[in-house]
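Take a look at the structure set out below.
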There are 2 protein chains.
Amino acid sequence: MASRPYNLYAGPAILPLEVMEQAREELLDFAGTGLSILESSHRSPGYAEVNDSARENLRRLLGVPENYSILFLQGGASLQFGMIPMNFLRGGEADYVNTGAWSKKAIKEAGLFGEVNIAGSSEDRNFCYVPDPDKLELSPDAKYVHICSNETIGGIRYNRFPRTGEVPLVADMSSEICSRKIDVSGFDLIYAGAQKNLGPAGVTIVIISDRLLESCPDGLTTMLDYRTHAEKDSNYNTPPVFSIYIVGLVLKWLEKQGGIAAIEERNNRKAALIYDLIDSSDFYRGTADPGDRSTMNITFRLPSEELEAEFIAGGKKAGFIGLKGHRSVGGCRASIYNAFPEEGVQALVEFMREFEKKN
Amino acid sequence: MASRPYNLYAGPAILPLEVMEQAREELLDFAGTGLSILESSHRSPGYAEVNDSARENLRRLLGVPENYSILFLQGGASLQFGMIPMNFLRGGEADYVNTGAWSKKAIKEAGLFGEVNIAGSSEDRNFCYVPDPDKLELSPDAKYVHICSNETIGGIRYNRFPRTGEVPLVADMSSEICSRKIDVSGFDLIYAGAQKNLGPAGVTIVIISDRLLESCPDGLTTMLDYRTHAEKDSNYNTPPVFSIYIVGLVLKWLEKQGGIAAIEERNNRKAALIYDLIDSSDFYRGTADPGDRSTMNITFRLPSEELEAEFIAGGKKAGFIGLKGHRSVGGCRASIYNAFPEEGVQALVEFMREFEKKN
């Protein structure tokens with residue numbers, strides 16, 4: 001068996017080893033049924049327990065109020081980019097903040113369903129910062145305000161969220177969900193593809209307030225109406241059983257780590273190790289403004305593209321994979337999601353120091 | 001470890017044991033990377049090979065002509081019920097044949113996007129037969145004709161398909177794809193949730209002709225436009241990596257069984273074992289008209305509901321799970337998909353004989 005490298009990919013991303021070991025352990029015998037979870041009916045009692053406990057565990061971990069539904073959908077954040085305006089924009093206007101490629105994709109889809117007001121943008125400086133949440137140009141008539149709370153490509157995140165009063169705040173949290181405490185009641189809709197911090201590809205988490213849910217329009221095709229899934233506890237049609245099962249195991253692992261507060265502390269420590277090195281070095285240069293730095297995706301440059309290529313290749317040889325920045329911006333990136341171990345960050349920092357010395 | 005029961009559920013359904021053994025074997029080390037497939041990037045070379053080989057294998061097995069695209073989507077057949085009329089109906093009219101609950105769901109969604117003409121129906125006899133494909137009332141102006149080629153609930157299937165001339169024929173083959181030879185060139189779109197004959201829940205197969213693909217309209221949200229997925233080889237956004245990986249393993253298993261012709265022969269033998277017993281018995285009564293019987297879902301009744309309940313409970317005790325008919329029709333059902341072993345059918349027939357003797 002090949003030795004396990006340090007997986008720094010932006011997503012699908014590293015999962016806790018013990019989760020995968022448990023999945024392997026019970027892959028041929030799920031919940032004492034003698035069947036694999038892969039061939040288990042979504043109407044079976046065993047799966048009902050998987051579905052319910054994943055949902056309730058997420059509710060507990062994130063402190064999701066009772067007047068919110070938690071849904072397990074398919075299609076990734078990319079389908080949410082369209083489903084949100086399809087349900088809630090409908091010819092009206094909405095405010096979108098543009099903080100990078102993922103925001104832009106959401107904006108493009110919204111434009112198909114109504115008027116999009118760019119309430120703030122950091123495009124002027126290549127998305128290296130988050131526009132001041134208190135200085136957004138919000139429209140009084142907006143159906144909702146949309147943000148991407150953490151942009152994987154630029155490596156930035158909101159440290160404070162916009163206050164939108166009665167206007168629903170909608171956030172794409174794909175790349176940071178469950179990495180830090182958030183006040184769910186400040187949002188009306190949070191969505192996240194699972195494949196970064198919560199599980200494998202194939203399931204999308206949606207947390208939606210009752211008041212937004214009630215505003216879903218009639219006449220949409222059944223699968224694109226959020227109410228369909230809320231009313232049937234995400235079991236209206238066959239759900240992605242195995243992906244939800246793994247999300248459930250990851251959530252249990254998260255609880256065992258001490259919950260969100262503990263994982264946030266660890267994430268802060270992990271990120272600080274790399275940022276401290278960057279800040280104390282003339283060789284590495286962080287690309288995000290310090291006040292808006294992500295703890296999940298750490299983006300940096302080296303003195304030249306040649307050195308970057310050498311660094312990425314050398315890293316791979318030394319067991320660090322996925323250090324290449326997104327193709328649209330170049331440079332280097334270390335994605336250190338919840339499951340990325342602290343000793344892996346220490347090893348990476350050590351490697352970075354050595355590389356600097358040699359060059 | 002619990003002993004492996006005979007899984008007769010309608011779906012998610014039995015998978016080949018050797019596929020799951022292989023998945024378990026390599027769950028912590030995919031393609032020599034030292035990483036799990038669960039945490040592997042969809043842009044990695046290892047996944048590219050999974051995606052390409054699954055697609056090409058399906059093309060070879062089903063004889064899909066080169067002027068068709070094979071897509072791996074999310075959302076199940078239920079999302080296809082909406083996506084098809086959203087793309088191809090658009091205010092026009094379409095012909096739908098109503099052969100049961102799944103047809104009805106498709107019809108309901110189509111009604112949101114245009115006029116639906118019921119070209120044939122077997123509702124008069126509780127969907128126990130397929131309307132004569134040569135006697136459908138087809139509209140000359142239909143954008144397409146839609147059928148469900150095998151209805152899991154009624155246990156019926158088309159043995160001949162409608163000839164629709166220049167009008168595209170669209171078929172939901174969720175519950176029988178790859179169970180028998182079909183002439184793909186007679187269809188313009190075939191779709192199937194994988195979780196019956198091809199893999200776990202979480203991926204939907206779509207086979208679509210170039211001419212239909214070219215007729216997708218502009219202005220749909222990106223994820224609901226078939227062209228998005230065709231142009232990017234089902235890798236536009238993060239696909240359900242693990243589900244596609246398992247589909248790939250199932251397709252390799254299918255090839256090892258001798259391909260579709262061999263599996264069809266085996267399926268015919270398996271179904272005949274049960275139908276022969278039913279036909280030679282006064283105790284068991286098949287509910288589908290003999291000429292339209294499915295080889296995948298075998299539906300039957302016993303002399304009373306009490307005996308049915310006893311049969312289902314006794315079957316479960318003897319290791320046959322999932323014998324209960326769909327809640328909407330009652331009775332009994334044995335779903336014997338490709339992966340259901342011949343010896344399992346023999347054992348079931350033996351159990352049925354014994355049960356008849358005792359009652």
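How things are named: the first chain in the structure tokens is A, the next is B, and so on; residues count from 1 in each chain; ligands count from 1 in the order shown.
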* Asked: Using only C-alpha atoms, which residues sit within 7 Å of Arg157 (chain B) once same-chain residues fewer than 4 positions away are excluded, as a PyMOL selection string?
  -> chain B and resi 130+149-151+292-294
Can I get the selected residues back with N, CA, C and O atoms, as a PDB file, in the first residue's frame?
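In the end it all went to result04.pdb:
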```pdb
ATOM      1  N   VAL B 130     -48.575  -3.197 -20.924  1.00  0.00           N
ATOM      2  CA  VAL B 130     -48.025  -2.076 -21.683  1.00  0.00           C
ATOM      3  C   VAL B 130     -48.930  -1.840 -22.894  1.00  0.00           C
ATOM      4  O   VAL B 130     -49.231  -2.788 -23.629  1.00  0.00           O
ATOM      5  N   SER B 149     -39.576   2.409 -19.757  1.00  0.00           N
ATOM      6  CA  SER B 149     -39.438   1.116 -20.446  1.00  0.00           C
ATOM      7  C   SER B 149     -39.719  -0.075 -19.539  1.00  0.00           C
ATOM      8  O   SER B 149     -40.068  -1.146 -20.018  1.00  0.00           O
ATOM      9  N   ASN B 150     -39.562   0.114 -18.247  1.00  0.00           N
ATOM     10  CA  ASN B 150     -39.829  -0.960 -17.276  1.00  0.00           C
ATOM     11  C   ASN B 150     -40.381  -0.303 -16.022  1.00  0.00           C
ATOM     12  O   ASN B 150     -39.722   0.567 -15.446  1.00  0.00           O
ATOM     13  N   GLU B 151     -41.570  -0.690 -15.626  1.00  0.00           N
ATOM     14  CA  GLU B 151     -42.165  -0.094 -14.426  1.00  0.00           C
ATOM     15  C   GLU B 151     -41.956  -1.038 -13.251  1.00  0.00           C
ATOM     16  O   GLU B 151     -42.484  -2.155 -13.224  1.00  0.00           O
ATOM     17  N   ASP B 292     -46.116  -8.933 -21.225  1.00  0.00           N
ATOM     18  CA  ASP B 292     -45.457  -7.671 -20.856  1.00  0.00           C
ATOM     19  C   ASP B 292     -44.677  -7.778 -19.549  1.00  0.00           C
ATOM     20  O   ASP B 292     -44.354  -6.778 -18.916  1.00  0.00           O
ATOM     21  N   ARG B 293     -44.387  -8.997 -19.167  1.00  0.00           N
ATOM     22  CA  ARG B 293     -43.714  -9.205 -17.889  1.00  0.00           C
ATOM     23  C   ARG B 293     -42.274  -8.685 -17.889  1.00  0.00           C
ATOM     24  O   ARG B 293     -41.513  -8.917 -18.820  1.00  0.00           O
ATOM     25  N   SER B 294     -41.934  -8.053 -16.783  1.00  0.00           N
ATOM     26  CA  SER B 294     -40.562  -7.595 -16.562  1.00  0.00           C
ATOM     27  C   SER B 294     -39.692  -8.770 -16.145  1.00  0.00           C
ATOM     28  O   SER B 294     -40.156  -9.680 -15.461  1.00  0.00           O
TER      29      SER B 294
END
```
* Near region 334-344 of chain A, within 7 Å and counting only C-alpha atoms, which residues show up once chain neighbours fewer than 2 positions away are dropped, as a list in words? -> Tyr6, Leu8, Tyr9, Ala10, Ile14, Leu15, Pro16, Ser179, Lys196, Asn197, Ile263, Asn267, Lys270, Met296, Asn297, Ile298, Thr299, Leu323, Cys332, Gln346, Ala347 and Leu348 of chain A
* To do: Quick one: everything within 7 Å of Ile118 (chain B), counting only C-alpha atoms, minus sequence neighbours fewer than 5 positions away in the same chain. Send it as a ChimeraX atom specification.
  => /B:95-98
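Note that DSSP on the backbone gives strand (DSSP E or B) to these residues of region 74-119 of chain A: Glu93, Ala94, Asp95, Tyr96, Val97, Asn98, Glu115, Val116, Asn117, Ile118 and Ala119 of chain A.
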* Which residues come within 8 Å of region 37-47 of chain B, counting only C-alpha atoms, excluding same-chain residues fewer than 3 positions away, as a ChimeraX atom specification? -> /A:9,11-15,195,199-201 /B:27-31,50-51,235,238-239,241-242
* Would you mind listing what lies within 7 Å of region 188-193 of chain B as an NGL selection string, with only C-alpha atoms counted and same-chain residues fewer than 4 positions away left out? => :B and (76-77 or 168-174 or 177 or 203-209 or 212)
* Among the residues of region 59-176 of chain B, find those DSSP assigns to alpha helix (DSSP H) from the backbone and print them as a ChimeraX atom specification. => /B:59-62,76-88,101-110
* Asked: Closest to chain A among B:Phe320, B:Tyr68, B:Phe127, B:Phe355, using only C-alpha atoms?
  ->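 With only C-alpha atoms as the atom set, the closest residue is B:Phe320.
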* Polymer residues at most 10 Å from Leu79 (chain A), only C-alpha atoms, same-chain spacing of 2 or more positions, as number ranges by chain -> A: 73-77, 81-84, 106, 109, 193, 204, 224; B: 74, 221-224, 237
Include all heavy atoms and write out the residues we just selected as a tab-separated table (two decimals), in the first residue's frame.
```tsv
chain	number	residue	atom	x	y	z
A	73	LEU	N	-29.04	17.64	-0.44
A	73	LEU	CA	-29.43	17.67	-1.84
A	73	LEU	C	-28.30	17.17	-2.73
A	73	LEU	O	-27.25	16.77	-2.26
A	73	LEU	CB	-29.83	19.10	-2.23
A	73	LEU	CG	-30.90	19.75	-1.35
A	73	LEU	CD1	-31.29	21.11	-1.92
A	73	LEU	CD2	-32.13	18.87	-1.23
A	74	GLN	N	-28.56	17.21	-4.03
A	74	GLN	CA	-27.54	16.83	-5.00
A	74	GLN	C	-27.24	18.01	-5.94
A	74	GLN	O	-27.96	18.99	-5.94
A	74	GLN	CB	-28.01	15.63	-5.82
A	74	GLN	CG	-28.18	14.36	-5.01
A	74	GLN	CD	-28.56	13.15	-5.86
A	74	GLN	OE1	-27.80	12.68	-6.67
A	74	GLN	NE2	-29.76	12.64	-5.65
A	75	GLY	N	-26.18	17.88	-6.70
A	75	GLY	CA	-25.89	18.90	-7.72
A	75	GLY	C	-24.84	19.92	-7.31
A	75	GLY	O	-24.46	20.75	-8.13
A	76	GLY	N	-24.40	19.87	-6.06
A	76	GLY	CA	-23.32	20.76	-5.64
A	76	GLY	C	-23.77	22.21	-5.51
A	76	GLY	O	-24.92	22.56	-5.77
A	77	ALA	N	-22.82	23.04	-5.10
A	77	ALA	CA	-23.09	24.47	-5.02
A	77	ALA	C	-23.51	24.99	-6.39
A	77	ALA	O	-24.34	25.90	-6.50
A	77	ALA	CB	-21.86	25.22	-4.52
A	81	PHE	N	-26.47	27.67	-7.22
A	81	PHE	CA	-26.34	28.98	-7.89
A	81	PHE	C	-27.60	29.29	-8.70
A	81	PHE	O	-28.01	30.45	-8.80
A	81	PHE	CB	-25.13	29.01	-8.83
A	81	PHE	CG	-23.80	28.86	-8.15
A	81	PHE	CD1	-22.67	28.46	-8.87
A	81	PHE	CD2	-23.64	29.11	-6.80
A	81	PHE	CE1	-21.43	28.32	-8.27
A	81	PHE	CE2	-22.40	28.98	-6.17
A	81	PHE	CZ	-21.29	28.57	-6.91
A	82	GLY	N	-28.18	28.25	-9.29
A	82	GLY	CA	-29.40	28.46	-10.08
A	82	GLY	C	-30.67	28.31	-9.25
A	82	GLY	O	-31.65	29.03	-9.45
A	83	MET	N	-30.67	27.36	-8.33
A	83	MET	CA	-31.89	27.07	-7.56
A	83	MET	C	-32.29	28.25	-6.67
A	83	MET	O	-33.48	28.50	-6.47
A	83	MET	CB	-31.66	25.83	-6.68
A	83	MET	CG	-32.57	24.67	-6.97
A	83	MET	SD	-32.12	23.19	-6.01
A	83	MET	CE	-33.47	23.14	-4.80
A	84	ILE	N	-31.31	28.95	-6.15
A	84	ILE	CA	-31.61	30.07	-5.25
A	84	ILE	C	-32.37	31.18	-5.98
A	84	ILE	O	-33.48	31.54	-5.57
A	84	ILE	CB	-30.32	30.56	-4.56
A	84	ILE	CG1	-29.87	29.51	-3.54
A	84	ILE	CG2	-30.50	31.93	-3.91
A	84	ILE	CD1	-28.43	29.65	-3.09
A	106	ALA	N	-22.13	32.40	-9.23
A	106	ALA	CA	-23.46	32.59	-8.63
A	106	ALA	C	-24.15	33.80	-9.27
A	106	ALA	O	-25.35	33.76	-9.56
A	106	ALA	CB	-23.33	32.78	-7.12
A	109	GLU	N	-25.61	33.01	-12.79
A	109	GLU	CA	-26.86	32.26	-12.78
A	109	GLU	C	-28.03	33.14	-12.33
A	109	GLU	O	-29.13	33.05	-12.86
A	109	GLU	CB	-26.74	31.04	-11.87
A	109	GLU	CG	-25.63	30.06	-12.26
A	109	GLU	CD	-25.78	29.50	-13.66
A	109	GLU	OE1	-26.87	29.05	-14.01
A	109	GLU	OE2	-24.77	29.52	-14.41
A	193	GLY	N	-21.39	22.48	-0.76
A	193	GLY	CA	-21.02	21.17	-1.27
A	193	GLY	C	-20.22	20.48	-0.17
A	193	GLY	O	-19.40	21.12	0.49
A	204	THR	N	-24.96	17.93	-1.12
A	204	THR	CA	-24.91	19.37	-0.85
A	204	THR	C	-25.76	19.64	0.38
A	204	THR	O	-26.90	19.19	0.45
A	204	THR	CB	-25.52	20.15	-2.04
A	204	THR	OG1	-25.00	19.62	-3.25
A	204	THR	CG2	-25.21	21.63	-1.93
A	224	LEU	N	-36.70	20.98	-7.77
A	224	LEU	CA	-36.01	22.26	-7.59
A	224	LEU	C	-36.72	23.17	-6.61
A	224	LEU	O	-36.34	24.33	-6.43
A	224	LEU	CB	-35.82	22.94	-8.95
A	224	LEU	CG	-35.01	22.13	-9.95
A	224	LEU	CD1	-34.93	22.85	-11.28
A	224	LEU	CD2	-33.59	21.85	-9.44
B	74	GLN	N	-26.53	14.18	-11.56
B	74	GLN	CA	-27.05	13.97	-10.21
B	74	GLN	C	-28.56	14.25	-10.20
B	74	GLN	O	-29.10	14.79	-11.14
B	74	GLN	CB	-26.34	14.89	-9.21
B	74	GLN	CG	-24.86	14.59	-9.05
B	74	GLN	CD	-24.19	15.43	-7.98
B	74	GLN	OE1	-24.48	15.30	-6.80
B	74	GLN	NE2	-23.29	16.30	-8.38
B	221	THR	N	-30.53	27.61	-16.51
B	221	THR	CA	-29.43	27.67	-15.56
B	221	THR	C	-28.42	26.56	-15.94
B	221	THR	O	-28.80	25.47	-16.38
B	221	THR	CB	-29.96	27.57	-14.10
B	221	THR	OG1	-28.89	27.85	-13.21
B	221	THR	CG2	-30.56	26.22	-13.78
B	222	THR	N	-27.15	26.92	-15.83
B	222	THR	CA	-26.07	26.12	-16.42
B	222	THR	C	-26.17	24.62	-16.13
B	222	THR	O	-25.98	23.78	-17.00
B	222	THR	CB	-24.71	26.66	-15.94
B	222	THR	OG1	-24.69	28.07	-16.19
B	222	THR	CG2	-23.55	25.99	-16.64
B	223	MET	N	-26.46	24.28	-14.88
B	223	MET	CA	-26.45	22.87	-14.47
B	223	MET	C	-27.61	22.08	-15.08
B	223	MET	O	-27.60	20.85	-15.04
B	223	MET	CB	-26.52	22.78	-12.95
B	223	MET	CG	-25.23	23.11	-12.25
B	223	MET	SD	-23.96	21.86	-12.50
B	223	MET	CE	-24.59	20.53	-11.47
B	224	LEU	N	-28.64	22.77	-15.59
B	224	LEU	CA	-29.81	22.06	-16.12
B	224	LEU	C	-29.80	22.02	-17.64
B	224	LEU	O	-30.76	21.56	-18.26
B	224	LEU	CB	-31.09	22.71	-15.59
B	224	LEU	CG	-31.22	22.68	-14.06
B	224	LEU	CD1	-32.48	23.41	-13.62
B	224	LEU	CD2	-31.22	21.26	-13.51
B	237	ASN	N	-18.71	20.58	-12.98
B	237	ASN	CA	-18.49	20.85	-11.55
B	237	ASN	C	-18.12	19.52	-10.89
B	237	ASN	O	-17.98	18.50	-11.57
B	237	ASN	CB	-19.73	21.49	-10.90
B	237	ASN	CG	-20.87	20.52	-10.77
B	237	ASN	OD1	-21.04	19.64	-11.61
B	237	ASN	ND2	-21.65	20.65	-9.71
```
